[in-house]
Structure formats: C-alpha cells, structure tokens
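Have a look at run-v1.txt below; it lists compact mmCIF, C-alpha atoms.
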# COMPACT_ATOMS: atom_id res chain seq x y z
CA MET L 1 -4.63 -4.77 -29.54
CA TYR L 2 -1.65 -5.24 -27.24
CA ASP L 3 0.61 -8.29 -27.24
CA ILE L 4 0.74 -8.37 -23.43
CA ILE L 5 -1.52 -6.76 -20.84
CA VAL L 6 0.05 -6.72 -17.39
CA ILE L 7 -2.25 -6.25 -14.40
CA GLY L 8 -0.37 -4.64 -11.53
CA ALA L 9 2.63 -2.29 -11.63
CA GLY L 10 4.62 -3.60 -8.70
CA THR L 11 8.05 -5.18 -9.00
CA ALA L 12 6.71 -8.30 -10.76
CA GLY L 13 4.49 -6.39 -13.21
CA LEU L 14 7.12 -3.80 -14.14
CA SER L 15 9.80 -6.49 -14.52
CA ALA L 16 7.45 -8.38 -16.85
CA ALA L 17 6.88 -5.18 -18.81
CA ILE L 18 10.64 -4.61 -19.21
CA TYR L 19 11.20 -8.17 -20.47
CA GLY L 20 8.19 -8.05 -22.79
CA LEU L 21 9.19 -4.69 -24.27
CA ARG L 22 12.80 -5.76 -24.75
CA ALA L 23 11.50 -8.79 -26.65
CA GLY L 24 9.79 -6.39 -29.05
CA LYS L 25 6.21 -6.85 -27.80
CA THR L 26 3.67 -4.12 -27.14
CA VAL L 27 2.96 -4.01 -23.42
CA PHE L 28 0.13 -2.28 -21.61
CA VAL L 29 0.08 -2.08 -17.80
CA LEU L 30 -2.97 -1.45 -15.63
CA GLU L 31 -2.49 -0.38 -12.02
CA GLU L 32 -5.08 0.31 -9.36
CA LYS L 33 -3.34 2.83 -7.07
CA SER L 34 0.27 3.77 -7.73
CA TYR L 35 3.14 1.94 -9.38
CA GLY L 36 5.78 0.27 -7.24
CA GLY L 37 3.65 -2.07 -5.16
CA GLN L 38 4.49 -3.07 -1.62
CA ILE L 39 8.16 -2.03 -1.78
CA ILE L 40 7.30 1.69 -1.60
CA VAL L 41 6.81 1.50 2.17
CA THR L 42 10.30 0.06 2.75
CA PRO L 43 12.80 2.80 3.67
CA GLU L 44 15.89 0.71 2.90
CA VAL L 45 16.16 -2.33 0.65
CA GLU L 46 19.38 -4.15 1.42
CA ASN L 47 18.78 -7.61 -0.04
CA TYR L 48 18.49 -6.99 -3.76
CA PRO L 49 21.62 -8.49 -5.33
CA GLY L 50 23.85 -5.92 -6.98
CA ILE L 51 22.36 -2.96 -5.13
CA LYS L 52 23.90 -2.40 -1.70
CA LYS L 53 21.21 -0.11 -0.43
CA ILE L 54 18.28 1.71 -2.02
CA SER L 55 15.00 3.12 -0.78
CA GLY L 56 11.85 1.30 -1.89
CA VAL L 57 10.59 4.43 -3.61
CA ASP L 58 13.84 4.92 -5.57
CA PHE L 59 13.77 1.26 -6.57
CA ALA L 60 10.18 1.58 -7.78
CA GLN L 61 10.92 4.78 -9.69
CA GLY L 62 13.94 3.15 -11.34
CA LEU L 63 11.80 0.22 -12.51
CA TYR L 64 9.08 2.55 -13.75
CA GLU L 65 11.45 4.79 -15.68
CA GLN L 66 13.20 1.81 -17.22
CA ALA L 67 9.90 0.37 -18.46
CA LYS L 68 8.63 3.78 -19.55
CA GLY L 69 11.84 4.37 -21.52
CA LEU L 70 11.25 1.13 -23.38
CA GLY L 71 7.77 2.23 -24.42
CA MET L 72 5.47 0.93 -21.70
CA GLU L 73 1.95 2.33 -21.66
CA LEU L 74 0.38 2.53 -18.19
CA GLU L 75 -3.08 3.55 -17.05
CA TYR L 76 -4.81 3.52 -13.68
CA GLY L 77 -7.95 1.57 -12.91
CA ARG L 78 -9.14 -1.51 -11.07
CA VAL L 79 -9.77 -4.56 -13.25
CA GLU L 80 -13.29 -5.90 -12.73
CA GLU L 81 -13.26 -8.73 -15.22
CA ILE L 82 -11.28 -10.52 -17.93
CA GLN L 83 -13.10 -12.20 -20.81
CA LYS L 84 -11.53 -14.80 -23.02
CA LYS L 85 -12.73 -15.00 -26.62
CA LYS L 86 -11.71 -16.90 -29.70
CA ASP L 87 -9.64 -14.81 -32.09
CA PRO L 88 -11.51 -14.94 -35.43
CA ASP L 89 -8.22 -14.55 -37.34
CA SER L 90 -6.25 -17.35 -35.71
CA VAL L 91 -6.45 -20.42 -33.51
CA SER L 92 -5.52 -18.54 -30.33
CA SER L 93 -7.59 -16.45 -27.92
CA VAL L 94 -7.95 -12.74 -27.25
CA PHE L 95 -8.53 -11.32 -23.80
CA THR L 96 -10.72 -8.34 -22.99
CA VAL L 97 -9.68 -6.69 -19.74
CA LYS L 98 -12.41 -4.50 -18.25
CA THR L 99 -12.21 -1.72 -15.69
CA VAL L 100 -15.24 0.28 -14.57
CA GLU L 101 -14.66 2.81 -17.35
CA LYS L 102 -12.76 1.14 -20.16
CA GLU L 103 -11.91 -2.05 -22.00
CA TYR L 104 -8.53 -3.14 -23.26
CA VAL L 105 -7.80 -6.04 -25.61
CA GLY L 106 -4.68 -8.16 -25.51
CA ARG L 107 -3.37 -11.41 -26.92
CA SER L 108 -1.97 -12.46 -23.56
CA VAL L 109 -2.31 -11.41 -19.92
CA ILE L 110 0.12 -11.41 -17.01
CA LEU L 111 -1.56 -11.21 -13.61
CA ALA L 112 0.80 -9.46 -11.19
CA THR L 113 -1.73 -8.19 -8.67
CA GLY L 114 0.54 -8.60 -5.66
CA ALA L 115 -0.86 -8.66 -2.17
CA LYS L 116 -2.28 -6.14 0.25
CA ASN L 117 -2.18 -5.70 4.01
CA ARG L 118 -4.31 -8.21 5.84
CA PRO L 119 -6.75 -6.53 8.22
CA LEU L 120 -7.28 -7.93 11.73
CA ASP L 121 -11.01 -8.14 11.07
CA ILE L 122 -12.07 -6.68 14.39
CA ASP L 123 -14.94 -4.28 15.02
CA ARG L 124 -14.37 -0.62 14.04
CA GLU L 125 -10.92 -1.37 12.56
CA GLU L 126 -11.64 0.55 9.36
CA GLU L 127 -13.32 3.41 11.19
CA PHE L 128 -10.15 3.89 13.25
CA ILE L 129 -7.75 4.16 10.30
CA GLY L 130 -6.62 7.76 10.79
CA GLN L 131 -7.62 7.65 14.45
CA GLY L 132 -5.14 5.10 15.78
CA VAL L 133 -5.04 2.14 13.39
CA SER L 134 -2.10 1.96 10.97
CA TYR L 135 -0.63 -0.63 8.62
CA CYS L 136 2.61 1.28 8.04
CA ALA L 137 4.85 1.88 11.06
CA THR L 138 7.55 3.60 9.01
CA CYS L 139 4.96 6.09 7.66
CA ASP L 140 3.03 6.80 10.82
CA GLY L 141 5.23 5.79 13.77
CA ARG L 142 6.64 9.28 14.31
CA PHE L 143 3.16 10.62 15.10
CA TYR L 144 3.18 8.45 18.21
CA LYS L 145 6.28 9.99 19.77
CA ASP L 146 6.27 9.48 23.56
CA ARG L 147 2.98 7.60 23.39
CA ILE L 148 2.03 4.01 24.19
CA VAL L 149 1.35 1.79 21.19
CA ALA L 150 0.85 -1.84 20.23
CA VAL L 151 2.07 -3.88 17.27
CA VAL L 152 0.22 -7.04 16.36
CA GLY L 153 1.86 -9.87 14.44
CA GLY L 154 4.57 -12.52 14.66
CA GLY L 155 6.62 -12.21 11.49
CA ASN L 156 9.58 -10.06 10.48
CA THR L 157 7.46 -7.03 9.71
CA ALA L 158 5.94 -7.07 13.20
CA LEU L 159 9.38 -7.40 14.83
CA GLU L 160 10.84 -4.63 12.66
CA ASP L 161 7.85 -2.38 13.36
CA ALA L 162 8.21 -2.91 17.12
CA LEU L 163 11.95 -2.11 16.94
CA PHE L 164 11.28 1.01 14.87
CA LEU L 165 8.52 2.21 17.19
CA SER L 166 10.58 1.57 20.33
CA GLU L 167 12.87 4.41 19.16
CA TYR L 168 10.02 6.94 19.25
CA CYS L 169 7.34 5.66 21.59
CA ARG L 170 7.24 5.59 25.35
CA TYR L 171 6.15 1.95 25.45
CA VAL L 172 5.47 -0.72 22.83
CA TYR L 173 3.39 -3.86 23.31
CA LEU L 174 3.99 -6.61 20.77
CA VAL L 175 0.88 -8.77 20.69
CA HIS L 176 1.22 -12.20 19.09
CA ARG L 177 -1.25 -15.05 19.07
CA ARG L 178 1.40 -17.75 19.57
CA GLU L 179 4.33 -18.43 21.90
CA GLU L 180 6.90 -18.56 19.09
CA PHE L 181 7.68 -15.91 16.49
CA ARG L 182 8.11 -16.58 12.77
CA GLY L 183 10.47 -13.60 12.45
CA GLU L 184 14.27 -13.72 12.68
CA PRO L 185 15.65 -14.69 16.13
CA GLN L 186 18.23 -11.84 16.05
CA LYS L 187 15.46 -9.27 15.73
CA LEU L 188 13.51 -10.88 18.55
CA GLU L 189 16.63 -10.84 20.72
CA ARG L 190 17.13 -7.12 20.06
CA LEU L 191 13.51 -6.53 21.05
CA ARG L 192 13.89 -8.51 24.28
CA GLN L 193 16.73 -6.19 25.28
CA LYS L 194 14.58 -3.08 24.89
CA GLU L 195 13.30 -1.79 28.21
CA ASN L 196 10.24 -0.15 26.67
CA VAL L 197 9.01 -3.22 24.78
CA GLU L 198 6.73 -5.86 26.23
CA LEU L 199 5.84 -9.13 24.50
CA VAL L 200 2.20 -10.11 24.94
CA LEU L 201 2.16 -13.74 23.84
CA ASN L 202 -0.62 -16.25 23.19
CA SER L 203 -2.92 -13.27 22.85
CA VAL L 204 -5.26 -11.85 20.24
CA VAL L 205 -6.63 -8.33 19.83
CA THR L 206 -10.40 -8.51 20.13
CA GLY L 207 -11.51 -4.90 20.07
CA ILE L 208 -10.76 -1.18 20.13
CA ALA L 209 -11.72 1.09 23.04
CA GLY L 210 -12.41 4.79 22.65
CA GLU L 211 -14.97 7.10 21.08
CA ASP L 212 -13.40 9.23 18.32
CA TYR L 213 -9.78 8.32 19.02
CA MET L 214 -8.23 5.12 20.28
CA GLU L 215 -7.88 4.88 24.05
CA GLY L 216 -6.97 1.22 24.31
CA ILE L 217 -7.27 -2.25 22.85
CA HIS L 218 -8.94 -5.32 24.28
CA VAL L 219 -6.64 -8.32 24.29
CA TRP L 220 -7.66 -11.91 24.97
CA ASP L 221 -5.04 -14.19 26.54
CA ARG L 222 -5.72 -17.58 24.98
CA LYS L 223 -3.67 -19.47 27.54
CA GLU L 224 -4.83 -17.80 30.75
CA LYS L 225 -8.34 -17.34 29.32
CA LYS L 226 -8.66 -13.76 30.47
CA GLU L 227 -9.17 -10.36 28.88
CA ASP L 228 -6.98 -7.33 29.39
CA LEU L 229 -7.19 -3.68 28.29
CA LEU L 230 -3.91 -2.24 27.01
CA PRO L 231 -3.83 1.58 27.28
CA VAL L 232 -2.56 2.29 23.75
CA THR L 233 -3.42 5.17 21.43
CA GLY L 234 -1.97 3.48 18.36
CA LEU L 235 -2.33 -0.01 16.91
CA PHE L 236 0.07 -1.11 14.17
CA ILE L 237 -1.21 -4.14 12.30
CA ALA L 238 1.47 -6.36 10.76
CA ILE L 239 -0.15 -9.76 10.36
CA GLY L 240 0.89 -10.32 6.78
CA GLN L 241 -0.63 -9.91 3.36
CA MET L 242 -3.54 -11.27 1.44
CA PRO L 243 -4.13 -11.64 -2.28
CA ASP L 244 -6.79 -9.89 -4.33
CA ASN L 245 -7.61 -12.24 -7.20
CA GLU L 246 -11.35 -12.91 -6.93
CA ALA L 247 -12.07 -11.06 -10.18
CA PHE L 248 -10.09 -13.70 -12.09
CA SER L 249 -11.45 -16.84 -10.45
CA SER L 250 -13.38 -17.95 -13.53
CA LEU L 251 -10.20 -18.08 -15.64
CA VAL L 252 -7.46 -19.15 -13.23
CA GLU L 253 -7.36 -21.58 -10.35
CA LEU L 254 -7.03 -20.02 -6.89
CA ASP L 255 -5.62 -21.89 -3.90
CA PRO L 256 -7.61 -21.91 -0.62
CA LYS L 257 -5.95 -18.66 0.44
CA GLY L 258 -6.80 -16.96 -2.85
CA TYR L 259 -3.37 -17.05 -4.51
CA ILE L 260 -3.19 -17.96 -8.22
CA VAL L 261 -2.08 -21.55 -8.73
CA ALA L 262 0.94 -21.75 -11.06
CA GLY L 263 4.36 -23.39 -10.92
CA GLU L 264 7.77 -21.82 -11.40
CA ASP L 265 6.93 -21.51 -15.12
CA CYS L 266 4.27 -18.91 -14.14
CA LYS L 267 1.67 -20.56 -16.39
CA THR L 268 -1.92 -20.65 -15.18
CA CYS L 269 -4.50 -23.23 -16.20
CA THR L 270 -5.66 -20.93 -19.02
CA ASP L 271 -3.39 -20.74 -22.09
CA GLY L 272 -2.33 -17.14 -22.61
CA ILE L 273 -2.74 -16.10 -18.98
CA PHE L 274 0.39 -16.00 -16.86
CA THR L 275 1.01 -14.89 -13.28
CA ALA L 276 3.97 -13.31 -11.53
CA GLY L 277 5.02 -12.15 -8.08
CA ASP L 278 3.32 -12.25 -4.70
CA CYS L 279 -0.12 -13.06 -6.14
CA ARG L 280 1.19 -16.47 -7.24
CA SER L 281 0.94 -19.50 -4.97
CA LYS L 282 4.50 -20.01 -3.66
CA THR L 283 6.60 -20.13 -0.50
CA VAL L 284 9.15 -17.31 -0.86
CA ARG L 285 7.87 -13.78 -1.50
CA GLN L 286 10.76 -11.36 -1.94
CA LEU L 287 11.69 -8.48 -4.22
CA THR L 288 14.04 -10.83 -6.10
CA THR L 289 11.39 -13.50 -6.59
CA ALA L 290 8.92 -10.90 -7.84
CA ALA L 291 11.46 -9.66 -10.40
CA ALA L 292 12.33 -13.25 -11.35
CA ASP L 293 8.67 -14.16 -11.84
CA GLY L 294 8.20 -11.07 -13.99
CA ALA L 295 10.98 -12.22 -16.33
CA VAL L 296 9.74 -15.83 -16.45
CA ALA L 297 6.11 -14.84 -17.08
CA ALA L 298 7.03 -12.31 -19.79
CA LEU L 299 9.28 -14.74 -21.64
CA ALA L 300 6.60 -17.45 -21.37
CA ALA L 301 4.09 -14.97 -22.81
CA CYS L 302 6.48 -14.17 -25.68
CA GLU L 303 6.86 -17.85 -26.44
CA TYR L 304 3.07 -18.32 -26.33
CA LEU L 305 2.63 -15.38 -28.74
CA THR L 306 4.95 -16.88 -31.34
CA GLU L 307 3.33 -20.31 -31.22
CA MET K 308 -2.30 26.23 -10.93
CA ALA K 309 0.85 25.47 -9.02
CA VAL K 310 0.83 23.61 -5.72
CA ILE K 311 0.92 25.93 -2.71
CA HIS K 312 3.05 24.94 0.26
CA ILE K 313 1.21 25.69 3.46
CA THR K 314 2.90 26.91 6.65
CA SER K 315 1.41 28.20 9.88
CA GLU K 316 2.08 31.71 8.49
CA ASN K 317 0.06 31.44 5.28
CA TYR K 318 -2.55 28.93 6.52
CA GLU K 319 -5.10 31.56 7.54
CA GLN K 320 -4.93 33.40 4.24
CA GLU K 321 -4.45 30.52 1.78
CA VAL K 322 -6.72 27.93 3.39
CA LEU K 323 -9.22 29.44 5.83
CA GLN K 324 -9.93 32.51 3.70
CA SER K 325 -9.76 30.77 0.34
CA ASP K 326 -12.70 31.47 -1.94
CA LYS K 327 -12.14 28.13 -3.66
CA PRO K 328 -12.34 24.67 -2.04
CA VAL K 329 -8.89 23.57 -0.84
CA LEU K 330 -7.18 20.19 -1.05
CA LEU K 331 -4.51 19.63 1.61
CA ASP K 332 -1.97 16.84 1.14
CA PHE K 333 -0.27 16.05 4.44
CA TRP K 334 3.07 14.39 3.72
CA ALA K 335 6.60 13.78 4.98
CA ASP K 336 9.93 12.99 3.40
CA TRP K 337 10.23 9.74 5.35
CA CYS K 338 6.97 8.35 3.95
CA GLY K 339 7.25 6.27 0.76
CA PRO K 340 3.55 6.28 -0.16
CA CYS K 341 3.57 10.10 0.22
CA LYS K 342 6.33 10.32 -2.37
CA MET K 343 4.27 8.23 -4.78
CA LEU K 344 1.23 10.46 -4.23
CA GLY K 345 3.26 13.68 -4.68
CA PRO K 346 3.40 13.69 -8.51
CA VAL K 347 -0.33 12.83 -8.65
CA ILE K 348 -1.14 15.92 -6.57
CA GLU K 349 1.12 18.06 -8.82
CA GLU K 350 -0.71 16.76 -11.88
CA VAL K 351 -4.11 17.52 -10.36
CA ALA K 352 -2.89 21.04 -9.53
CA GLU K 353 -1.75 21.61 -13.12
CA GLU K 354 -5.14 20.63 -14.46
CA THR K 355 -7.51 22.49 -12.19
CA GLU K 356 -8.41 26.13 -11.67
CA ASP K 357 -11.49 25.41 -9.57
CA TYR K 358 -9.65 24.17 -6.50
CA LYS K 359 -6.64 25.29 -4.56
CA ILE K 360 -4.17 22.40 -4.26
CA CYS K 361 -1.90 22.54 -1.22
CA LYS K 362 0.76 20.46 0.47
CA VAL K 363 1.63 20.43 4.16
CA ASN K 364 4.99 19.01 5.26
CA VAL K 365 4.10 17.49 8.66
CA GLU K 366 7.72 17.47 9.78
CA GLU K 367 8.16 21.21 9.27
CA GLN K 368 4.59 22.14 10.18
CA ALA K 369 4.10 20.07 13.31
CA GLU K 370 1.62 22.57 14.70
CA LEU K 371 -0.71 22.24 11.70
CA ALA K 372 -0.30 18.46 11.75
CA SER K 373 -1.38 18.24 15.36
CA GLN K 374 -4.20 20.73 14.75
CA PHE K 375 -5.53 18.35 12.09
CA ARG K 376 -4.74 15.40 14.37
CA VAL K 377 -2.70 13.74 11.64
CA VAL K 378 -1.61 10.23 12.64
CA ASN K 379 -1.56 8.55 9.23
CA ILE K 380 0.05 9.83 6.04
CA PRO K 381 -0.46 10.42 3.23
CA MET K 382 -3.67 12.10 4.37
CA LEU K 383 -5.83 14.18 2.05
CA VAL K 384 -8.25 16.74 3.44
CA VAL K 385 -10.75 18.78 1.44
CA MET K 386 -11.80 22.09 2.99
CA LYS K 387 -14.55 24.48 1.99
CA ASP K 388 -15.23 27.84 3.66
CA GLY K 389 -12.72 26.95 6.35
CA GLU K 390 -14.40 23.67 7.28
CA ILE K 391 -13.25 20.09 6.71
CA VAL K 392 -15.65 18.39 4.29
CA LYS K 393 -13.67 15.29 3.42
CA LYS K 394 -10.72 13.33 4.72
CA ASP K 395 -9.02 10.20 3.38
CA ILE K 396 -5.91 8.16 4.11
CA GLY K 397 -3.50 6.42 1.73
CA VAL K 398 -2.21 6.50 -1.83
CA LYS K 399 -4.67 7.32 -4.59
CA ASN K 400 -4.63 7.56 -8.34
CA LYS K 401 -5.50 10.81 -10.10
CA LYS K 402 -9.09 9.85 -10.78
CA GLU K 403 -9.68 9.09 -7.11
CA VAL K 404 -8.23 12.45 -6.07
CA LEU K 405 -10.42 14.26 -8.60
CA GLU K 406 -13.45 12.33 -7.34
CA MET K 407 -12.73 13.51 -3.81
CA LEU K 408 -12.82 17.07 -5.11
CA CYS K 409 -15.75 17.01 -7.49
CA THR K 410 -18.19 15.28 -5.15
CA ILE K 411 -18.11 18.12 -2.60

Would it be possible to restate this file's structure as structure tokens?
Amino acid sequence: MYDIIVIGAGTAGLSAAIYGLRAGKTVFVLEEKSYGGQIIVTPEVENYPGIKKISGVDFAQGLYEQAKGLGMELEYGRVEEIQKKKDPDSVSSVFTVKTVEKEYVGRSVILATGAKNRPLDIDREEEFIGQGVSYCATCDGRFYKDRIVAVVGGGNTALEDALFLSEYCRYVYLVHRREEFRGEPQKLERLRQKENVELVLNSVVTGIAGEDYMEGIHVWDRKEKKEDLLPVTGLFIAIGQMPDNEAFSSLVELDPKGYIVAGEDCKTCTDGIFTAGDCRSKTVRQLTTAAADGAVAALAACEYLTE
Amino acid sequence: MAVIHITSENYEQEVLQSDKPVLLDFWADWCGPCKMLGPVIEEVAEETEDYKICKVNVEEQAELASQFRVVNIPMLVVMKDGEIVKKDIGVKNKKEVLEMLCTI
C-alpha cells in the first residue's frame, strides 16, 4: 500500500510527488500517455520564476528526473475508477485505484489529471486529424509551408499559433466567434501588422470540405448571417482545454464544466482525496500554479496521513 | 534490436523489402511530443525481435515525409510487405505502441 497515489504526471502531479517523497512518504504515480503534461508542446517557457528560458520538454524531464531520484514509482495506464473503503486497521479510509489491467491501493489520492485540447465538435474533425486538422501548431505548422491555413480560437494560444504560422504559411485566417479577443493586445497588434494574416471575426467553423484531405472549411458569419468557404488545407484548433474527470464524479464534486471543486487548500469533498493543477476549479492556470497546487496538495495529504 | 534510422537511401531495403513488419516513427527535433515518444520507441525496439523499429527524421528526410503525406507528428505507421497497415497520430505509452504492432 502506498501513502499517496498521484493520478497524472504533469507539472502538478510531479510536483506533488516531489513534495510527498521529500516528506518521507511512498508515492506512486499513474499516467495515461507520457509524463510532462501540456507543457511538452511549448518550445520556450519564459515565465517560470528563477528559470529565464527552458523548453517545455526539458522542464518536464527535469521534474521527472527529480521525482525519480527521490524514489517515485510511475506506471502508465488510464484510471477507470477509484473505490473508497474503510481501513479495517484504523479509522481512516483506503483507496483502490483501478486501471483496465491493474489495481493499486493507497491511503490517499491526489487527482492531477490536467486538461486536454478541446475539440471543435464539428463533423469529420477526428477523421481529419492527420489530414489537415491539428491541435499543435508548433509541432505541425512547418508541414504547411507556403500553404493557406486557418487557426480557430480567441485566446493567447490562438494568437501565438497564428503568429507562428504566419512565418511559414502563405496566408493565415484567424477565425474567432466574437469581435474581441481574450488574448494579449500586444500579440493581436503584431498579428494586425502581418500582411498574410486575416482576422475572420464573429464567425464559427461549421464544417470541413474535401474527400481524403482538407480542401477548405465552411465558416458561418454570425453577424452577417452568411456562410463562406475558406480555401485552407490546414485547420489549427486552439479553443482551449477541457478537463477529464468523469471517472471520479462519484467521489469528488465537479463544477458544471467538469473541473474538480476544491479551494486553494486543494481538498476535495472526500477526506483523503486532494486535487492539484489544471483539473481543479480555478481562474489562473499556469505552470507556476500547477507546481504550487502540487506542493499544497502533497503537504495536505501528508497532514491527513498523520492525523 | 536497435532502432534503425531511415533515409531515402536505405528505405527500399530496410522498409519495403523487410521480412518483418516495420514500425516507422516520424519525428522532428522541434516537436516536444515527439521527444517524449522517442524513449518509448527505443524501449519497444530493445524488447522486440519480431518487428523492425524505425525512426524517420522529417526535417532531414523531407522526401519520405511528403511521400507519406505527413502533416502531424509524432506519427506512427506500421508497414507489412511494403504496405501501410496502420497509422496513428500523437504521443502513446509503451503498451499502446505494442498494441499497434501485435494487432496486425
């Protein structure tokens, strides 16, 4: 039996592991895909205090090696269910964490499941991943050199993606459903000065044209009430993230968007279950807040374990 | 077995004429998720004799990348007798990579 089972090996989960291990607890981490979480797609992190500049991958590897060096155990698998049972030897509970293949038992759990890219939810979107649809401009943008592409979204990621793509692509449409952008004004201003970038405002992407490969996207102008076909061969979707916490809904409270309800103390409504990072209901989601949550949740778990 | 790095020169011999099924990992240095998948592919290669595990650097092998119409990376392709039998996009854990191979 482990003292702490952490679900998710992103910045929050690995930070929690480091704090738990340094407090002398046994920590087991379960990860679905690869450690590191969302930061691995960021080429340059420049807002983590104390580190001037680092790539997301190097940051993730540093975290992983630090936790590994302290004795972290990590396995891969998607958690299907957590069961809470009474510990026969004490007044507290034990938690059984189940993946498709295995079961793990812990005295406390930290949910650090993060968030994943939100799909547009249009017809054939999934079918076109690999044939024109991408959620990672920095990974795939260079394949669209000299081609016409579209970015959809209104936040910083969408603005950054459009700026990045404008360096490689012949023409970039930035499609946004509102008039105003949520992203930083300086970035928007830089975009406005680009000759090969066009803002398509008050508009939503309604469909993909093309047989095997993308030949265009259908865009609905909500203000003018008319449809247009943009001749793009690539569509970069940057409309934000969504949580993935349904498997835990019987033990923790989820807000209407699916994030785990917990305050800055990272305590959920179930004693012994804590939550950290982007999967928690909160307003600021940054690398620093993920790391901070990891520390808070781990120390809260340590305190719970000694009670 | 060690990972084999594929170029347009050895593609014919190592991939098309391979007597074992081949896994191709299309990657680039600029791609974070590719770097996370890299060690997983190495591990799979170490553990298997039944498949040939290969990597293709899309930056250096642009011709192969366009031949496979690569527009998303990391992209994994499984080939058997010179034909594509499976293709998938994105980071995977080791079990998922092995599943791609053993279900062909």

Within 9 Å of Cys279 (chain L), counting only C-alpha atoms, which residues qualify if same-chain residues fewer than 5 places away don't, as number ranges by chain? L: 111-115, 242-245, 258-260

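You will find CA of Ile122 (chain L) at 16.3 Å from CA of Thr233 (chain L).
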
Here CA of Glu31 (chain L) and CA of Gly77 (chain L) stand apart by 5.9 Å

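Residue list for chain K within 6 Å of chain L: Cys338, Gly339, Val378, Asn379, Lys399 and Asn400 of chain K, counting all atoms listed in the file.
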
I'd like the contact shell of region 104-107 of chain L - 12 Å cut-off, all atoms listed in the file, skipping same-chain residues fewer than 6 positions apart - returned as an MDAnalysis selection string. chainID L and resid 1:7 25:30 73:75 77 79:87 89:98 271:274 301:302 304:307

For region 342-359 of chain K: contacts at 6 Å, only C-alpha atoms, fewer than 4 positions along chain excluded, given as a short mmCIF file (atom, residue, chain, number, x, y, z; two decimals) with C-alpha atoms, in the coordinates of the input:
data_model
loop_
_atom_site.label_atom_id
_atom_site.label_comp_id
_atom_site.auth_asym_id
_atom_site.auth_seq_id
_atom_site.Cartn_x
_atom_site.Cartn_y
_atom_site.Cartn_z
CA MET K 308 -2.30 26.23 -10.93
CA ALA K 309 0.85 25.47 -9.02
CA VAL K 310 0.83 23.61 -5.72
CA LYS K 327 -12.14 28.13 -3.66
CA PRO K 328 -12.34 24.67 -2.04
CA VAL K 329 -8.89 23.57 -0.84
CA VAL K 398 -2.21 6.50 -1.83
CA LYS K 401 -5.50 10.81 -10.10
#

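Closest to Val385 (chain K) among K:Glu406, K:Lys362, K:Leu330, K:Pro340 is K:Leu330, based on only C-alpha atoms.
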
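Taking CA of Ile18 (chain L) and CA of Ile54 (chain L) as the two end points, the separation is 19.8 Å.
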
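With all atoms listed in the file as the atoms that count, the minimum distance from Phe375 (chain K) to the choices K:Ile360, K:Phe333, K:Ile411, K:Leu405 is reached by K:Phe333.
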
Using all atoms listed in the file, give me every residue within 9 Å of (-1.7, -8.1, 18.5) in file coordinates, as an MDAnalysis selection string. chainID L and resid 120 150:154 173:177 200:201 203:206 219 235:239

Any idea what's packed within 7 Å of Leu191 (chain L), counting all atoms listed in the file, ignoring anything in its chain fewer than 4 positions away? Could you give it as an NGL selection string? :L and (163 or 187 or 197)

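In this comparison, which uses all atoms listed in the file, the residue of K:Leu331, K:Cys361, K:Cys409, K:Cys341 approaching Lys394 (chain K) most closely is K:Leu331.
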
Non-local contacts of Gly216 (chain L) (6 Å; all atoms listed in the file; under 4 positions in same chain excluded) as a list in words: Ala209, Leu230, Pro231 and Val232 of chain L

Could you model N, CA, C and O atoms for region 349-361 of chain K and present them as a short mmCIF file (atom, residue, chain, number, x, y, z; two decimals), keeping the file's coordinate frame?
data_model
loop_
_atom_site.label_atom_id
_atom_site.label_comp_id
_atom_site.auth_asym_id
_atom_site.auth_seq_id
_atom_site.Cartn_x
_atom_site.Cartn_y
_atom_site.Cartn_z
N GLU K 349 0.59 17.04 -7.90
CA GLU K 349 1.12 18.06 -8.82
C GLU K 349 0.31 18.07 -10.12
O GLU K 349 -0.05 19.13 -10.64
N GLU K 350 0.04 16.88 -10.63
CA GLU K 350 -0.71 16.76 -11.88
C GLU K 350 -2.12 17.33 -11.73
O GLU K 350 -2.60 18.04 -12.62
N VAL K 351 -2.76 17.00 -10.62
CA VAL K 351 -4.11 17.52 -10.36
C VAL K 351 -4.06 19.05 -10.32
O VAL K 351 -4.89 19.73 -10.90
N ALA K 352 -3.03 19.58 -9.64
CA ALA K 352 -2.89 21.04 -9.53
C ALA K 352 -2.75 21.69 -10.90
O ALA K 352 -3.37 22.72 -11.18
N GLU K 353 -1.95 21.07 -11.77
CA GLU K 353 -1.75 21.61 -13.12
C GLU K 353 -3.06 21.70 -13.90
O GLU K 353 -3.25 22.57 -14.72
N GLU K 354 -3.94 20.76 -13.63
CA GLU K 354 -5.14 20.63 -14.46
C GLU K 354 -6.36 21.37 -13.95
O GLU K 354 -7.37 21.41 -14.62
N THR K 355 -6.30 21.89 -12.73
CA THR K 355 -7.51 22.49 -12.19
C THR K 355 -7.33 23.96 -11.82
O THR K 355 -6.27 24.37 -11.33
N GLU K 356 -8.37 24.73 -12.08
CA GLU K 356 -8.41 26.13 -11.67
C GLU K 356 -9.48 26.31 -10.59
O GLU K 356 -9.56 27.33 -9.93
N ASP K 357 -10.32 25.29 -10.45
CA ASP K 357 -11.49 25.41 -9.57
C ASP K 357 -11.16 25.13 -8.10
O ASP K 357 -11.94 25.45 -7.22
N TYR K 358 -10.02 24.51 -7.88
CA TYR K 358 -9.65 24.17 -6.50
C TYR K 358 -8.24 24.67 -6.23
O TYR K 358 -7.43 24.78 -7.13
N LYS K 359 -7.99 24.93 -4.96
CA LYS K 359 -6.64 25.29 -4.56
C LYS K 359 -5.97 24.01 -4.05
O LYS K 359 -6.51 23.35 -3.16
N ILE K 360 -4.83 23.65 -4.63
CA ILE K 360 -4.17 22.40 -4.26
C ILE K 360 -2.94 22.73 -3.40
O ILE K 360 -2.04 23.44 -3.84
N CYS K 361 -2.94 22.19 -2.18
CA CYS K 361 -1.90 22.54 -1.22
C CYS K 361 -1.22 21.32 -0.63
O CYS K 361 -1.82 20.25 -0.53
#
